[in-house]
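Before any comments, here is the structure.
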Amino acid sequence: MKVLKFGGTSVGSADSIRTVIEIIRGQSEPLVAVFSALSGITNKLSDCLDLAARKDDKYLQVLDDIEKRHVATAMQLLKPESALNVFEKIKELKARLTEILDGISNIGEVTLRSSDLVLGFGEQMSIQVIYAVMSENFVDVIHIDARDLIFTKLINGAERVESEITEKAIKEKLVPDKGLIITSGYISTSVNGYPTTLGRGGSDYSASLIAAALNADTLEIWTDVSGIYTADPSYTEDAYPIPELSYAEVLELSHFGAKVIYPPTIQPVMKKKIPVLVKNTFAPAEQGTRISDKPSGNGNVLKAVSSVNEVCLVSLTGSGMVGVVGIASRMFTALASNNINVILITQASSEQSICIAIDQKSGERACEVLNDEFELEIQAGRVRKSILEKGYSIVVMVGEGMKYSVGISGQAFSALGKNGINIHAIAQGSSELNISVVVKTSDCHKAVNAIHQEFLLSVNKIINLFIVGTGNVGTAFIKQILSQTTFFICEYQTDFRIVGLANSRKMLIRKKGIEEKDWKNVMMSSERGSNLKEFIDEMFRLNLSNSIFIDNTASADVSQSYERILSKSISIVTCNKIAASSQYDNYLKLKKIAIGKRVHFRFESNVAAGLPIIQTIDNMVKTGDQLYRIEAVLSGSLNFIFNNYCIGMKFSDSVLKAMKENFTEPDPLIDLRGDDVSRKLLILVREAGIKIEASDIIFESYLPHPLPKIFKADTFQDQIKSYDEYFEKVREGTAVRNGRMRVIASYENGKAGICLKEVGSSHPFFYIDGNDNVVSIYSKRYPDRPLIIKGAGAGADVTASGIFADILSIINN
């Protein structure tokens with residue numbers, strides 16, 4: 001036989017009760033069905049208690065609402081005659097309830113007994129509706145009052161189930177046959193005769209007690225979710241139901257925040273080894289979660305991650321604790337005698353400190369208790385006064401498979417560290433069934449997601465992107481991300497999620513991602529004007545794991561935010577050269593912050609767009625090579641300009657064409673003055689491990705007279721034409737010698753410079769076309785024949801691909 005329990009949402013409406021009928025109709029063996037109150041009714045009764053205690057007669061209106069809810073449900077499900085009978089019973093129950101609440105209001109106080117008495121009316125009312133409905137749909141329906149089945153005894157101020165009496169009563173009164181037996185959950189009776197309740201999760205507990213007493217084949221718990229999930233779906237949208245769990249695993253999860261099943265529920269069925277099946281009333285065909293003594297594995301070492309919020313840490317420290325027998329015993333005895341529950345314990349091997357995690361509401365009281373208990377030791381200076389720290393959460397990883405696997409703790413701590421989450425306390429039992437860590441509550445959501453993605457993500461690892469700059473490069477990058485989404489999900493189980501977008505006018509942040517192909521119109525339709533500080537603050541507030549900030553601008557303001565972003569353990573990928581070419585101390589500080597926070601500061605696209613030049617130099621240095629000399633054509637825009645100029649185009653026309661094809665910076669003066677190429681050389685030399693400032697680079701101007709100080713689009717075309725006559729004369733000489741003009745950046749023996757040179761056909765820089773870049777590196781390993789990297793070095797698409805490559809490098813690392 002089976003015991004089926006249906007929760008409040010399962011009987012919360014006429015439609016859901018119809019679904020329950022079909023579930024019961026589909027069963028082929030004797031059943032006992034346990035029902036909760038209609039969803040929300042117990043909370044309303046709790047409100048009534050609060051109102052009555054405050055002598056506020058609004059509880060009468062709440063009672064009217066409760067009555068109407070039950071009447072309306074009955075009217076939708078029952079024939080008129082049956083409905084009328086239910087109305088009368090509900091009316092009687094309401095009248096009794098009103099009398100009780102009137103009494104509470106007169107006294108102005110709620111006792112434990114009066115609370116249990118009132119809260120139990122939810123189940124008493126719901127069973128009247130359900131019994132009538134079942135009787136119209138099934139033959140031989142028997143209702144047994146739960147208060148005749150479950151008995152409790154007052155122990156240490158709380159009602160506890162009296163197991164022997166309860167088991168005997170269930171066996172005597174519940175005799176499963178071919179019919180359907182129904183009863184209520186949650187409500188019970190004291191052995192002294194007064195009404196009681198089983199507290200939080202009481203209906204599940206009732207069903208478990210009945211299943212154990214009757215030696216049921218299975219206990220099925222029907223709720224509004226499809227089983228026990230790998231994490232709380234409200235925290236982790238990629239959480240999924242776990243097919244099978246052991247009793248021990250469920251006990252751990254229920255203790256640490258999993259709300260589908262509460263701890264007392266498991267004990268009775270675990271003793272009898274009765275399997276429990278958690279199913280979804282609204283999706284009965286789904287598999288659900290099976291809980292048993294020896295479940296089959298699901299392929300994961302870790303089964304689930306859960307959390308408990310509103311926790312505080314209380315620490316007792318002092319040199320006088322070392323080697324003293326009984327310190328821990330005194331500590332926990334004192335707390336227990338004051339009904340303070342300890343959730344987690346850690347103790348240093350030096351025995352100088354004991355740290356406990358408890359409910360935050362008990363924090364001050366716990367400190368008072370401990371200070372009183374160790375008053376003499378505190379006065380003598382052997383023990384310090386207890387320390388209280390608030391605002392913490394416990395994140396727990398559960399799985400019996402951990403005991404057979406090496407390195408789980410290290411992997412978990414690494415995942416948390418990479419996301420900038422500091423661990424304040426750690427606990428792991430010798431059974432290795434769980435690993436618990438204490439983190440700041442502000443980091444709890446991020447911690448749960450980081451662990452879930454590290455161990456349990458059977459679908460996709462989510463990378464959260466916050467993008468600033470939607471110009472040519474930004475647009476090309478977003479296009480590449482959106483076009484490759486399906487490929488990365490299918491091939492690498494990686495989901496790039498654009499969470500934030502901002503340009504100089506508008507910004508849009510959407511936690512679940514911006515997926516529209518017309519994303520630019522969606523962003524520009526946003527009601528939020530662009531504000532860099534608000535954008536970054538919102539990124540911090542969301543605190544999503546695996547977040548990357550992407551700067552597609554040339555803005556100094558954005559680059560000045562890097563330190564703040566890296567300090568929050570968020571990686572940065574940028575094509576903005578300002579930070580990496582700023583003062584050397586600032587450049588070094590940003591790199592050190594990234595290392596210290598275990599995140600990444602990537603700027604491969606600062607030099608030669610998508611060519612892997614910085615990565616190559618970095619690898620050479622890390623493997624012990626020493627760079628002696630660098631020669632490079634680093635400006636794809638200037639190379640494009642002089643390539644076209646050398647084949648007959650006027651200098652001004654070549655510049656304007658480079659601008660039109662987006663090979664120059666938005667301000668072309670940055671390219672023409674050599675600022676851009678100077679920054680690139682500076683970055684390359686720094687990445688080679690050499691300290692250098694921008695002022696150390698000598699730029700030999702190739703222009704006959706200075707460029708305008710400020711770029712103005714309406715006058716620039718006429719201004720640039722003033723250089724044509726000079727460059728025509730230069731071209732004549734170059735043509736005679738069959739040479740080509742190249743802006744070459746070089747470094748050797750501590751000297752860095754940039755100049756316009758004529759190169760002949762024997763020079764390696766002669767054959768570079770269009771907007772190509774080329775870097776020639778001489779080093780200890782390449783002393784005579786240099787390492788040469790060559791390819792397209794300008795353009796939105798190749799720059800965007802360099803940004804994309806940096807992101808992939810972060811993921812791979």
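Residues in the structure tokens are named by chain (A, B, ... in the order shown) and by number from 1 within that chain; ligands are numbered from 1 in the order shown.
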Give me the residues within 12 Å of A:Ile789 as a PyMOL selection string, counting only C-alpha atoms and dropping any in the same chain fewer than 2 places off. chain A and resi 607-608+610-617+630-634+764-765+768+772-778+786-787+791-793
Closest atom pairs, residues of stretch 557-580 of chain A within 8 Å of stretch 591-598 of chain A, only C-alpha atoms, as CSV:
```
residue,atom,partner,partner_atom,distance
A:Glu563,CA,A:Ile593,CA,7.5
A:Leu566,CA,A:Ala594,CA,5.9
A:Ser567,CA,A:Ile593,CA,6.5
A:Lys568,CA,A:Lys597,CA,7.9
A:Ser569,CA,A:Lys597,CA,5.5
A:Ser571,CA,A:Ala594,CA,7.5
```
Would you output that residue set with all heavy atoms, as a PDB file, in the first residue's frame?
```pdb
ATOM      1  N   GLU A 563      40.104  49.738 -11.423  1.00  0.00           N
ATOM      2  CA  GLU A 563      40.576  49.331 -10.096  1.00  0.00           C
ATOM      3  C   GLU A 563      39.395  48.902  -9.223  1.00  0.00           C
ATOM      4  O   GLU A 563      39.456  47.881  -8.534  1.00  0.00           O
ATOM      5  CB  GLU A 563      41.327  50.481  -9.429  1.00  0.00           C
ATOM      6  CG  GLU A 563      41.858  50.114  -8.047  1.00  0.00           C
ATOM      7  CD  GLU A 563      42.640  51.247  -7.386  1.00  0.00           C
ATOM      8  OE1 GLU A 563      42.970  52.237  -8.073  1.00  0.00           O
ATOM      9  OE2 GLU A 563      42.906  51.142  -6.172  1.00  0.00           O
ATOM     10  N   LEU A 566      37.983  45.441 -10.619  1.00  0.00           N
ATOM     11  CA  LEU A 566      38.855  44.312 -10.305  1.00  0.00           C
ATOM     12  C   LEU A 566      38.828  44.001  -8.803  1.00  0.00           C
ATOM     13  O   LEU A 566      38.874  42.838  -8.400  1.00  0.00           O
ATOM     14  CB  LEU A 566      40.287  44.611 -10.747  1.00  0.00           C
ATOM     15  CG  LEU A 566      40.531  44.663 -12.259  1.00  0.00           C
ATOM     16  CD1 LEU A 566      41.924  45.219 -12.548  1.00  0.00           C
ATOM     17  CD2 LEU A 566      40.354  43.301 -12.906  1.00  0.00           C
ATOM     18  N   SER A 567      38.739  45.045  -7.982  1.00  0.00           N
ATOM     19  CA  SER A 567      38.708  44.858  -6.531  1.00  0.00           C
ATOM     20  C   SER A 567      37.467  44.108  -6.079  1.00  0.00           C
ATOM     21  O   SER A 567      37.451  43.547  -4.984  1.00  0.00           O
ATOM     22  CB  SER A 567      38.794  46.212  -5.811  1.00  0.00           C
ATOM     23  OG  SER A 567      40.030  46.841  -6.084  1.00  0.00           O
ATOM     24  N   LYS A 568      36.427  44.113  -6.900  1.00  0.00           N
ATOM     25  CA  LYS A 568      35.209  43.363  -6.612  1.00  0.00           C
ATOM     26  C   LYS A 568      35.247  41.961  -7.223  1.00  0.00           C
ATOM     27  O   LYS A 568      34.225  41.293  -7.352  1.00  0.00           O
ATOM     28  CB  LYS A 568      33.985  44.114  -7.145  1.00  0.00           C
ATOM     29  CG  LYS A 568      33.609  45.340  -6.331  1.00  0.00           C
ATOM     30  CD  LYS A 568      32.977  44.948  -5.004  1.00  0.00           C
ATOM     31  CE  LYS A 568      32.439  46.153  -4.263  1.00  0.00           C
ATOM     32  NZ  LYS A 568      31.755  45.777  -3.010  1.00  0.00           N
ATOM     33  N   SER A 569      36.438  41.534  -7.644  1.00  0.00           N
ATOM     34  CA  SER A 569      36.650  40.189  -8.204  1.00  0.00           C
ATOM     35  C   SER A 569      35.863  39.962  -9.488  1.00  0.00           C
ATOM     36  O   SER A 569      35.307  38.888  -9.717  1.00  0.00           O
ATOM     37  CB  SER A 569      36.294  39.105  -7.167  1.00  0.00           C
ATOM     38  OG  SER A 569      37.095  39.234  -6.027  1.00  0.00           O
ATOM     39  N   SER A 571      36.436  40.119 -13.616  1.00  0.00           N
ATOM     40  CA  SER A 571      37.453  40.203 -14.663  1.00  0.00           C
ATOM     41  C   SER A 571      37.115  41.313 -15.652  1.00  0.00           C
ATOM     42  O   SER A 571      35.946  41.667 -15.848  1.00  0.00           O
ATOM     43  CB  SER A 571      37.572  38.869 -15.395  1.00  0.00           C
ATOM     44  OG  SER A 571      38.082  37.865 -14.543  1.00  0.00           O
TER      45      SER A 571
END
```
Restrict the calculation to only C-alpha atoms, then for each residue of stretch 299-396 of chain A with any atom at most 12 Å from an atom of stretch 149-173 of chain A give the closest atom pair and their distance in Å to one decimal, rows by chain and rising residue number, as a tab-separated table.
```
residue	atom	partner	partner_atom	distance
A:Ala336	CA	A:Asn156	CA	10.6
A:Ser337	CA	A:Asn156	CA	9.5
A:Asn338	CA	A:Asn156	CA	10.5
A:Asn339	CA	A:Asn156	CA	8.7
```
Selected residues written out with C-alpha atoms, as a tab-separated table (two decimals), in the first residue's frame:
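Ended up saving to again23.tsv:
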```
chain	number	residue	atom	x	y	z
A	336	ALA	CA	21.52	24.21	25.12
A	337	SER	CA	20.12	25.11	28.53
A	338	ASN	CA	19.05	28.43	27.00
A	339	ASN	CA	17.45	26.77	23.94
```
Could you pull the residues within 10 Å of A:Lys511, counting only C-alpha atoms, minus those fewer than 2 positions along the same chain, as a PDB file with all heavy atoms, in the first residue's frame?
```pdb
ATOM      1  N   ASN A 464      28.396  35.805 -17.499  1.00  0.00           N
ATOM      2  CA  ASN A 464      27.617  37.041 -17.478  1.00  0.00           C
ATOM      3  C   ASN A 464      28.473  38.207 -17.953  1.00  0.00           C
ATOM      4  O   ASN A 464      29.506  38.515 -17.347  1.00  0.00           O
ATOM      5  CB  ASN A 464      27.096  37.302 -16.069  1.00  0.00           C
ATOM      6  CG  ASN A 464      26.145  36.215 -15.606  1.00  0.00           C
ATOM      7  OD1 ASN A 464      25.070  36.061 -16.156  1.00  0.00           O
ATOM      8  ND2 ASN A 464      26.546  35.449 -14.599  1.00  0.00           N
ATOM      9  N   ARG A 497      25.883  35.258 -21.647  1.00  0.00           N
ATOM     10  CA  ARG A 497      24.665  36.019 -21.359  1.00  0.00           C
ATOM     11  C   ARG A 497      25.009  37.507 -21.243  1.00  0.00           C
ATOM     12  O   ARG A 497      25.761  37.911 -20.342  1.00  0.00           O
ATOM     13  CB  ARG A 497      24.033  35.505 -20.071  1.00  0.00           C
ATOM     14  CG  ARG A 497      22.696  36.126 -19.740  1.00  0.00           C
ATOM     15  CD  ARG A 497      22.011  35.327 -18.651  1.00  0.00           C
ATOM     16  NE  ARG A 497      21.704  33.973 -19.084  1.00  0.00           N
ATOM     17  CZ  ARG A 497      21.126  33.058 -18.317  1.00  0.00           C
ATOM     18  NH1 ARG A 497      20.809  33.365 -17.070  1.00  0.00           N
ATOM     19  NH2 ARG A 497      20.874  31.853 -18.779  1.00  0.00           N
ATOM     20  N   ILE A 498      24.487  38.299 -22.155  1.00  0.00           N
ATOM     21  CA  ILE A 498      24.705  39.748 -22.089  1.00  0.00           C
ATOM     22  C   ILE A 498      23.718  40.318 -21.077  1.00  0.00           C
ATOM     23  O   ILE A 498      22.534  40.457 -21.348  1.00  0.00           O
ATOM     24  CB  ILE A 498      24.514  40.404 -23.470  1.00  0.00           C
ATOM     25  CG1 ILE A 498      25.513  39.810 -24.485  1.00  0.00           C
ATOM     26  CG2 ILE A 498      24.696  41.915 -23.370  1.00  0.00           C
ATOM     27  CD1 ILE A 498      25.286  40.279 -25.908  1.00  0.00           C
ATOM     28  N   VAL A 499      24.219  40.627 -19.895  1.00  0.00           N
ATOM     29  CA  VAL A 499      23.367  41.107 -18.813  1.00  0.00           C
ATOM     30  C   VAL A 499      23.243  42.628 -18.849  1.00  0.00           C
ATOM     31  O   VAL A 499      22.192  43.184 -18.547  1.00  0.00           O
ATOM     32  CB  VAL A 499      23.913  40.648 -17.444  1.00  0.00           C
ATOM     33  CG1 VAL A 499      23.058  41.177 -16.297  1.00  0.00           C
ATOM     34  CG2 VAL A 499      23.969  39.125 -17.386  1.00  0.00           C
ATOM     35  N   GLY A 500      24.325  43.309 -19.212  1.00  0.00           N
ATOM     36  CA  GLY A 500      24.311  44.771 -19.217  1.00  0.00           C
ATOM     37  C   GLY A 500      24.879  45.350 -20.493  1.00  0.00           C
ATOM     38  O   GLY A 500      25.860  44.835 -21.042  1.00  0.00           O
ATOM     39  N   ILE A 509      20.058  46.938 -18.280  1.00  0.00           N
ATOM     40  CA  ILE A 509      20.534  45.803 -17.490  1.00  0.00           C
ATOM     41  C   ILE A 509      19.371  44.853 -17.288  1.00  0.00           C
ATOM     42  O   ILE A 509      18.304  45.258 -16.828  1.00  0.00           O
ATOM     43  CB  ILE A 509      21.106  46.257 -16.136  1.00  0.00           C
ATOM     44  CG1 ILE A 509      22.351  47.119 -16.358  1.00  0.00           C
ATOM     45  CG2 ILE A 509      21.451  45.052 -15.267  1.00  0.00           C
ATOM     46  CD1 ILE A 509      22.962  47.677 -15.095  1.00  0.00           C
ATOM     47  N   GLY A 513      19.357  38.245 -19.173  1.00  0.00           N
ATOM     48  CA  GLY A 513      20.069  38.363 -20.439  1.00  0.00           C
ATOM     49  C   GLY A 513      19.320  39.138 -21.497  1.00  0.00           C
ATOM     50  O   GLY A 513      18.094  39.167 -21.535  1.00  0.00           O
ATOM     51  N   ILE A 514      20.089  39.789 -22.366  1.00  0.00           N
ATOM     52  CA  ILE A 514      19.557  40.541 -23.508  1.00  0.00           C
ATOM     53  C   ILE A 514      19.851  39.711 -24.751  1.00  0.00           C
ATOM     54  O   ILE A 514      21.000  39.579 -25.160  1.00  0.00           O
ATOM     55  CB  ILE A 514      20.223  41.930 -23.605  1.00  0.00           C
ATOM     56  CG1 ILE A 514      19.985  42.716 -22.302  1.00  0.00           C
ATOM     57  CG2 ILE A 514      19.700  42.703 -24.811  1.00  0.00           C
ATOM     58  CD1 ILE A 514      20.932  43.873 -22.090  1.00  0.00           C
ATOM     59  N   MET A 539      25.937  46.264 -11.486  1.00  0.00           N
ATOM     60  CA  MET A 539      26.701  45.028 -11.703  1.00  0.00           C
ATOM     61  C   MET A 539      27.160  44.449 -10.363  1.00  0.00           C
ATOM     62  O   MET A 539      27.056  43.240 -10.123  1.00  0.00           O
ATOM     63  CB  MET A 539      27.904  45.313 -12.599  1.00  0.00           C
ATOM     64  CG  MET A 539      28.823  44.132 -12.835  1.00  0.00           C
ATOM     65  SD  MET A 539      30.148  44.493 -14.016  1.00  0.00           S
ATOM     66  CE  MET A 539      31.101  45.722 -13.114  1.00  0.00           C
ATOM     67  N   LEU A 542      24.036  43.010  -8.418  1.00  0.00           N
ATOM     68  CA  LEU A 542      23.601  41.698  -8.921  1.00  0.00           C
ATOM     69  C   LEU A 542      24.531  40.592  -8.429  1.00  0.00           C
ATOM     70  O   LEU A 542      24.100  39.476  -8.158  1.00  0.00           O
ATOM     71  CB  LEU A 542      23.544  41.710 -10.451  1.00  0.00           C
ATOM     72  CG  LEU A 542      22.395  42.509 -11.074  1.00  0.00           C
ATOM     73  CD1 LEU A 542      22.556  42.578 -12.587  1.00  0.00           C
ATOM     74  CD2 LEU A 542      21.054  41.907 -10.712  1.00  0.00           C
ATOM     75  N   LEU A 544      26.668  38.556  -9.716  1.00  0.00           N
ATOM     76  CA  LEU A 544      26.538  37.284 -10.421  1.00  0.00           C
ATOM     77  C   LEU A 544      27.894  36.596 -10.542  1.00  0.00           C
ATOM     78  O   LEU A 544      28.913  37.256 -10.764  1.00  0.00           O
ATOM     79  CB  LEU A 544      25.951  37.511 -11.822  1.00  0.00           C
ATOM     80  CG  LEU A 544      24.571  38.168 -11.877  1.00  0.00           C
ATOM     81  CD1 LEU A 544      24.176  38.437 -13.325  1.00  0.00           C
ATOM     82  CD2 LEU A 544      23.520  37.300 -11.204  1.00  0.00           C
TER      83      LEU A 544
END
```
Name all residues at most 9 Å from stretch 308-319 of chain A (count only C-alpha atoms; drop same-chain ones fewer than 2 positions away) and give them as an MDAnalysis selection string. chainID A and resid 255:258 306 321:322 331 343 351:363 366:367 370 378 381:396 425 438 441 444
Can you list, as a list of chain:residue names, every protein, DNA or RNA residue that comes within 9 Å of A:Gly288 when you count only C-alpha atoms, leaving out same-chain residues fewer than 6 positions away?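 Counting only the stated atoms, we get A:Val225, A:Ser226, A:Gly227, A:Ile228, A:Pro241, A:Ile242, A:Pro243, A:Glu244, A:Leu277, A:Val278, A:Lys279, A:Asn280.
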Need the shell around A:Ile423: protein/DNA/RNA residues with any atom at most 9 Å away, counting only C-alpha atoms. Skip same-chain ones fewer than 6 positions apart. Format as a list in words?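 Close residues of A:Ile423: Phe413, Leu416, Gly417, Val437, Val438, Val439 and Lys440 of chain A.
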Go ahead and save the residues from that selection, with N, CA and C atoms, as an mmCIF file, in the first residue's frame.
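So the final result, stored in part.cif, reads:
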```
data_model
loop_
_atom_site.group_PDB
_atom_site.id
_atom_site.type_symbol
_atom_site.label_atom_id
_atom_site.label_comp_id
_atom_site.auth_asym_id
_atom_site.auth_seq_id
_atom_site.Cartn_x
_atom_site.Cartn_y
_atom_site.Cartn_z
ATOM 1 N N PHE A 413 36.674 25.537 -2.981
ATOM 2 C CA PHE A 413 37.254 26.785 -2.498
ATOM 3 C C PHE A 413 37.849 27.597 -3.644
ATOM 4 N N LEU A 416 35.015 29.413 -5.369
ATOM 5 C CA LEU A 416 34.586 30.577 -4.580
ATOM 6 C C LEU A 416 35.629 31.690 -4.674
ATOM 7 N N GLY A 417 36.897 31.316 -4.583
ATOM 8 C CA GLY A 417 37.964 32.317 -4.657
ATOM 9 C C GLY A 417 37.983 33.052 -5.977
ATOM 10 N N VAL A 437 30.453 25.985 4.382
ATOM 11 C CA VAL A 437 31.278 27.187 4.459
ATOM 12 C C VAL A 437 30.400 28.361 4.857
ATOM 13 N N VAL A 438 30.962 29.259 5.626
ATOM 14 C CA VAL A 438 30.245 30.463 6.045
ATOM 15 C C VAL A 438 30.760 31.635 5.212
ATOM 16 N N VAL A 439 29.837 32.335 4.575
ATOM 17 C CA VAL A 439 30.184 33.487 3.746
ATOM 18 C C VAL A 439 29.285 34.658 4.130
ATOM 19 N N LYS A 440 29.652 35.849 3.705
ATOM 20 C CA LYS A 440 28.794 37.007 3.908
ATOM 21 C C LYS A 440 27.470 36.786 3.170
#
```
What is the atom CA of A:Lys44 to atom CA of A:Phe121 distance in Å?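 These atoms are spaced 10.9 Å apart.
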So how far away is atom CA of A:Glu700 from atom CA of A:Asn749, in Å?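 It comes out at 18.4 Å.
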Of the residues A:Ala348, A:Ile221, A:Leu60, A:Leu532, which is the one nearest to A:Met507, using only C-alpha atoms?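 Going through A:Ala348, A:Ile221, A:Leu60, A:Leu532 one by one, the smallest distance to A:Met507 is for A:Leu532.
With only C-alpha atoms as the atoms that count, the residue of A:Ile21, A:Leu180, A:Leu63, A:Val305 with the shortest distance to A:Ala447 is A:Val305.
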Can you check which parts of stretch 590-674 of chain A lie within 6 Å of stretch 794-811 of chain A? Per residue, the shortest pair of atoms and distance in Å to one decimal, counting only C-alpha atoms, sorted by chain and number, as CSV.
```
residue,atom,partner,partner_atom,distance
A:Ser605,CA,A:Gly802,CA,5.0
A:Ala609,CA,A:Thr799,CA,4.1
A:Gly610,CA,A:Gly802,CA,3.8
A:Gly636,CA,A:Ala794,CA,4.8
A:Phe663,CA,A:Gly795,CA,4.9
```
Produce a file of the selected residues containing N, CA and C atoms, as a compact mmCIF listing (two decimals), in the first residue's frame.
```
# COMPACT_ATOMS: atom_id res chain seq x y z
N SER A 605 43.57 42.85 -27.37
CA SER A 605 43.16 43.66 -28.52
C SER A 605 43.68 45.09 -28.45
N ALA A 609 44.81 44.39 -32.76
CA ALA A 609 43.44 43.84 -32.80
C ALA A 609 43.41 42.39 -32.31
N GLY A 610 43.16 41.45 -33.22
CA GLY A 610 42.99 40.07 -32.81
C GLY A 610 44.24 39.23 -32.87
N GLY A 636 47.53 49.48 -37.74
CA GLY A 636 46.86 49.01 -38.95
C GLY A 636 46.30 50.15 -39.76
N PHE A 663 38.98 51.92 -39.94
CA PHE A 663 40.28 51.43 -39.53
C PHE A 663 40.97 52.37 -38.53
```
Just the residues within 12 Å of A:Met397, please, counting only C-alpha atoms, with nothing from its chain fewer than 2 positions along; format it as a PyMOL selection string. chain A and resi 230-231+249-250+252-253+256-258+300-308+394-395+399-402+408-409+411-413+426-429+432-438+447-452+454-456
Residues of stretch 119-237 of chain A in helix (DSSP H, G or I) according to DSSP, as an MDAnalysis selection string? chainID A and resid 119 121:137 146:148 163:173 202:213
Atom CA of A:Leu682 to atom CA of A:Ala694 measures 6.5 Å
So which bits of stretch 744-802 of chain A end up strand (DSSP E or B) when you DSSP the backbone, as a list in words?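 DSSP on the backbone gives strand (DSSP E or B) at Ile744, Ala745, Ser746, Tyr747, Glu748, Lys751, Ala752, Gly753, Ile754, Cys755, Leu756, Lys757, Glu758, Val759, Asp772, Asn773, Val774, Val775, Ser776, Ile777, Tyr778, Ser779, Leu787, Ile788, Ile789, Lys790, Gly791 and Ala792 of chain A.
In terms of minimum interatomic distance to A:Gly120, A:Leu45 ranks closest within A:Phe727, A:Leu45, A:Glu286, A:Ser234, counting only C-alpha atoms.
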Ranking A:Asp238, A:Met659, A:Ser203, A:Ile481 by minimum distance to A:Ile462 and counting only C-alpha atoms, which one comes first?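 Of the candidates, the smallest distance to A:Ile462 is held by A:Asp238.
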From A:Thr218, A:Gln287, A:Ser296, A:Asn419, residue lying nearest A:Ile274 [only C-alpha atoms]: A:Thr218
